[in-house]
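Some notes on the structure that comes next.
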Amino acid sequence: MTKKYITTAIPYVNGNPHVGHTMDYLLSDAYYRYLKLSGEEARFQSGTDEHGNKIFHKALDSKKDINEYIDENSQKFRDFIQKLDVYPTDFIRTSDKDHERRCKEIWKKLEPHIYSAEYEGWYCEGCERFVTEKEVEENNGICPDHQKSYEKLSEKNYYLRISDFKEKIRKAIETGEMKILPDFREKEMLKLLDESPDVSVSRPKKNLSWGITVPNDDSQVMYVWIDALSNYITVLGYPDNDISDFWPATVQFVGKDILRFHAIIWPAMLLGLGLPLPKLLHSHGFINVNGQKMSKSIGNVVDPIDVLERHGVNALRYFFLRHVDNFVDSDFTWEKFDSAYNNELANDLGNLVQRLATLCSKNNLSYKTKETKFSPVYVEAMNNFKFNEAFEHAWTHVQNLNKKIDEEKPWELAKNGETEKLEKALSELVDGILHANFELSPFLPDATEKIKDIFLGEKILPPKTPLFPKER
RNA sequence: CGCGGGGUAGAGCAGCCUGGUAGCUCGUUUGGCUCAUAACCAAAAGGUCGUUGGUUCAAAUCCAACCCCCGCAACCA
């Protein structure tokens, strides 16, 4: 049996957790839990990206020591992950000393593919950064924040020669050695690969001080790519340890916005290091609100903490894993969220647990544990990353059980004293709910644990308060 | 001709790859039940599948053209 390795993109910690991050965490966590329940050995990485000018300036603005600032922000994300019931086996911070040291080793190994060149562009002294041609055009050559003219400036950068690897990357994608899901993104990446220029991987220290110094050149600091992308292997101990047990990654979950870096720059780095490419890059879509892109200027940003507090973690996981597509953009509205909670979680599952537990308790059913496993349809869906389908399959069990109770009418059996029939019917129903519960457990770890306790306890008793209290 | 996604019942979506009586969830209406969180179960109403043309015995499904939404094209997840 080969070991599995699941990764999440590491968020840049210059702000609070976003709904977008939530998708990353939930998809990878559900898949990780599924693998574990299937008996696989697996590692599951997460972490935080902590270098760069934006963070450096944010820390200055908030009059905090940079280390204090990143500690606080990294912790915010760790707390958030925990609230989502997501438990990675490994958590990396790009400010970790081990990571920094390993990064330098990686840089050195990549040196045959790195060259230095002058970068020329428009620069704003106030912002301390280069801006794009388009931005210069839009602002008529004057920085709106500083009311100063952009100046043409050139600086030394190191570049990673992507062209050394293009053909190999293309082949890896085409042969399926490195698969990209969904398919249309794969096509997009193949196209992008053609046009990809070499990528700048460093900045002069005077322009970027908060980062990892380039080996053998104290005047340069690594730009985000090598620093952040390498986390996926430094967390496993590369290059100090042999990582072949877990690398290549089974699946790397990323947002559609950063897929290109994972499909082009990252494979180039890996090939430069002589490492195999990840088996699968899974790109997820964005979450819109009322059909509109979430944006600060529109003011429609949904804070995942608010979602969490509305009906609890189960409701959040339920909605994002069942009703949000894992490949294309989806829509979030509070109405949909409330409706999913009340009509589905509470009415279907919560109520089923309540009525069945009450029936068992009233009739003193003693239940013997029976082994359960994932159904083939479910396995098929999960293996193809169709989480919605797997979830829905599990949910049809729930709906069928509600039907079955109505058909069997246990209350009539009890009234007529048909004890044998009654016990058979009830234990079949409990079998059913435990099976459904098992298939739901990668998605709803908290709720399914509670349900297990109810039906596998000494005596079956309905929960004192409903599992999902209705809220209108 | 920049790239991509989508247009299917009141709403949200599946089906399209591998043509053959149009399906799911919510909502609405009616009936049933009482174990249960005013929950559950059954039935009904509701669609010329964006437009036009083509291929075919047969098209939501394949082909062509067009119209309309929406993303991406910039380290704003």
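Ligands are numbered from 1 in the order shown, chains are lettered A, B, ... in the order of the structure tokens, and residues start at 1 in each chain.
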Per residue of chain A within 8 Å of chain B, note the shortest atom pair and the distance in Å to one decimal, counting only C-alpha atoms (C1' of nucleotides), and order the rows by chain and increasing residue number, as a Markdown table.
```
| residue | atom | partner | partner_atom | distance |
| --- | --- | --- | --- | --- |
| A:His18 | CA | B:A77 | C1' | 6.5 |
| A:Val19 | CA | B:A77 | C1' | 7.1 |
| A:Gly20 | CA | B:A77 | C1' | 4.2 |
| A:His21 | CA | B:A77 | C1' | 6.0 |
| A:Thr132 | CA | B:A74 | C1' | 7.6 |
| A:Phe184 | CA | B:G4 | C1' | 7.7 |
| A:Glu188 | CA | B:C3 | C1' | 7.4 |
| A:Gly255 | CA | B:A77 | C1' | 7.0 |
| A:Asp257 | CA | B:A77 | C1' | 7.7 |
| A:Phe286 | CA | B:A77 | C1' | 7.3 |
| A:Ser295 | CA | B:C76 | C1' | 8.0 |
| A:Val328 | CA | B:G5 | C1' | 7.8 |
| A:Ala346 | CA | B:U37 | C1' | 7.0 |
| A:Asn347 | CA | B:A39 | C1' | 6.0 |
| A:Gly350 | CA | B:U37 | C1' | 7.4 |
| A:Asn351 | CA | B:U37 | C1' | 5.9 |
| A:Leu352 | CA | B:A36 | C1' | 7.2 |
| A:Gln354 | CA | B:A36 | C1' | 5.9 |
| A:Arg355 | CA | B:A36 | C1' | 4.0 |
| A:Leu356 | CA | B:C35 | C1' | 7.1 |
| A:Thr358 | CA | B:C35 | C1' | 6.8 |
| A:Leu359 | CA | B:C35 | C1' | 5.5 |
| A:Asn402 | CA | B:C40 | C1' | 6.6 |
| A:Lys403 | CA | B:C41 | C1' | 6.2 |
| A:Asp406 | CA | B:C41 | C1' | 6.0 |
| A:Pro410 | CA | B:C35 | C1' | 7.4 |
| A:Trp411 | CA | B:C35 | C1' | 6.2 |
| A:Pro466 | CA | B:U37 | C1' | 6.4 |
| A:Phe468 | CA | B:U37 | C1' | 7.8 |
| A:Pro469 | CA | B:U37 | C1' | 6.3 |
| A:Lys470 | CA | B:U37 | C1' | 6.4 |
```
(request) Determine which residues of region 303-375 of chain A receive a DSSP assignment of alpha helix (DSSP H), computed from the backbone, and state them as an MDAnalysis selection string. (result) chainID A and resid 304:311 313:318 334:339 351:362
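For the choices A:Pro144, A:Gly237, A:Pro112, A:Gly211, the atom-to-atom distance to Asp49 (chain A) is smallest for A:Gly211 when using only C-alpha atoms.
The residue that comes closest to Phe261 (chain A), out of A:Ala436, A:Ile162, A:Ala315, A:Val214 and on the basis of only C-alpha atoms, is A:Ile162.
With distances restricted to only C-alpha atoms, A:Ile305 is the closest residue to Lys76 (chain A) from A:Tyr158, A:Ile305, A:Cys360, A:Lys4.
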(message) Applying 12 Å and only C-alpha atoms (C1' of nucleotides), which residues near Ser38 (chain A) remain after dropping the ones on its own chain fewer than 6 positions away? List them as a ChimeraX atom specification.
(response) /A:1,4,31-32,372-375,378-379,382-383,438-439,441-442
Produce a file of the selected residues containing C-alpha atoms, as a PDB file, in the first residue's frame.
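Written output follows (part16.pdb):
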```pdb
ATOM      1  CA  MET A   1       0.000   0.000   0.000  1.00  0.00           C
ATOM      2  CA  LYS A   4      -0.848   9.253   0.716  1.00  0.00           C
ATOM      3  CA  TYR A  31     -10.541  13.667   1.461  1.00  0.00           C
ATOM      4  CA  TYR A  32      -7.992  13.007   4.160  1.00  0.00           C
ATOM      5  CA  THR A 372     -20.094  -1.131   7.917  1.00  0.00           C
ATOM      6  CA  LYS A 373     -18.147   0.121   4.938  1.00  0.00           C
ATOM      7  CA  PHE A 374     -18.411   2.595   2.077  1.00  0.00           C
ATOM      8  CA  SER A 375     -20.713   1.579  -0.773  1.00  0.00           C
ATOM      9  CA  TYR A 378     -19.677   6.318  -2.820  1.00  0.00           C
ATOM     10  CA  VAL A 379     -16.132   5.080  -3.299  1.00  0.00           C
ATOM     11  CA  MET A 382     -14.847  10.037  -3.786  1.00  0.00           C
ATOM     12  CA  ASN A 383     -12.046   8.600  -5.880  1.00  0.00           C
ATOM     13  CA  PHE A 438     -20.293   6.305   8.351  1.00  0.00           C
ATOM     14  CA  GLU A 439     -20.498   7.685   4.835  1.00  0.00           C
ATOM     15  CA  SER A 441     -18.362  11.085   8.631  1.00  0.00           C
ATOM     16  CA  PRO A 442     -15.660  12.512   6.330  1.00  0.00           C
TER      17      PRO A 442
END
```
(request) Excluding region 49-59 of chain B and residues on its chain fewer than 6 positions from it, collect all residues at most 7 Å away from it, counting only C-alpha atoms (C1' of nucleotides), and give them as a VMD selection string. (result) chain B and resid 7 to 8 19 to 20 67
(request) For each of A:Leu440, A:Ile226, A:Ile180, A:Leu160, take the minimum atom-to-atom distance to Arg322 (chain A), counting only C-alpha atoms, then give the residue where this is smallest. (result) A:Leu440
Please provide as an mmCIF file with C-alpha atoms, in the first residue's frame all residues within 7 Å of region 54-57 of chain A, with the sequence filter that same-chain residues fewer than 5 positions apart are discarded (counting only C-alpha atoms (C1' of nucleotides)).
```
data_model
loop_
_atom_site.group_PDB
_atom_site.id
_atom_site.type_symbol
_atom_site.label_atom_id
_atom_site.label_comp_id
_atom_site.auth_asym_id
_atom_site.auth_seq_id
_atom_site.Cartn_x
_atom_site.Cartn_y
_atom_site.Cartn_z
ATOM 1 C CA ASN A 14 -1.835 39.620 6.047
ATOM 2 C CA ILE A 66 7.242 41.701 12.784
ATOM 3 C CA TRP A 210 11.413 40.486 4.957
#
```
(request) With a distance cut-off of 9 Å and only C-alpha atoms (C1' of nucleotides), select the neighbouring residues of Tyr223 (chain A), excluding the residue or stretch itself and same-chain residues fewer than 2 positions from it, and output the selection as a PyMOL selection string. (result) chain A and resi 51-52+200-203+208+211-212+221+225-228
(message) Which residues are near Leu190 (chain A)? Cut-off 12 Å, only C-alpha atoms (C1' of nucleotides), ignore same chain within fewer than 3 positions. Put them as JSON, numbers by chain.
(response) {"A": [166, 167, 168, 169, 170, 171, 172, 173, 174, 178, 179, 180, 183, 184, 185, 186, 187, 193, 194, 195, 196, 259, 260, 263, 264], "B": [3]}
(request) Give the strand (DSSP E) residues of region 79-303 of chain A, as DSSP finds them on the backbone, and put them as a PyMOL selection string. (result) chain A and resi 90-93+114-124+129-131+142-143+148-149+151-160+179-181+199-200+202-204+213-214+217-222+251-255+280-284+287-289
(message) Under the rule that only C-alpha atoms are counted, which of A:Tyr150, A:Tyr232, A:Tyr238, A:Tyr123 is the nearest residue to Lys104 (chain A)?
(response) A:Tyr238
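Counting only C-alpha atoms, the residue from A:Leu153, A:Ile6, A:Met222, A:Ile106 that sits nearest to Cys124 (chain A) is A:Leu153.
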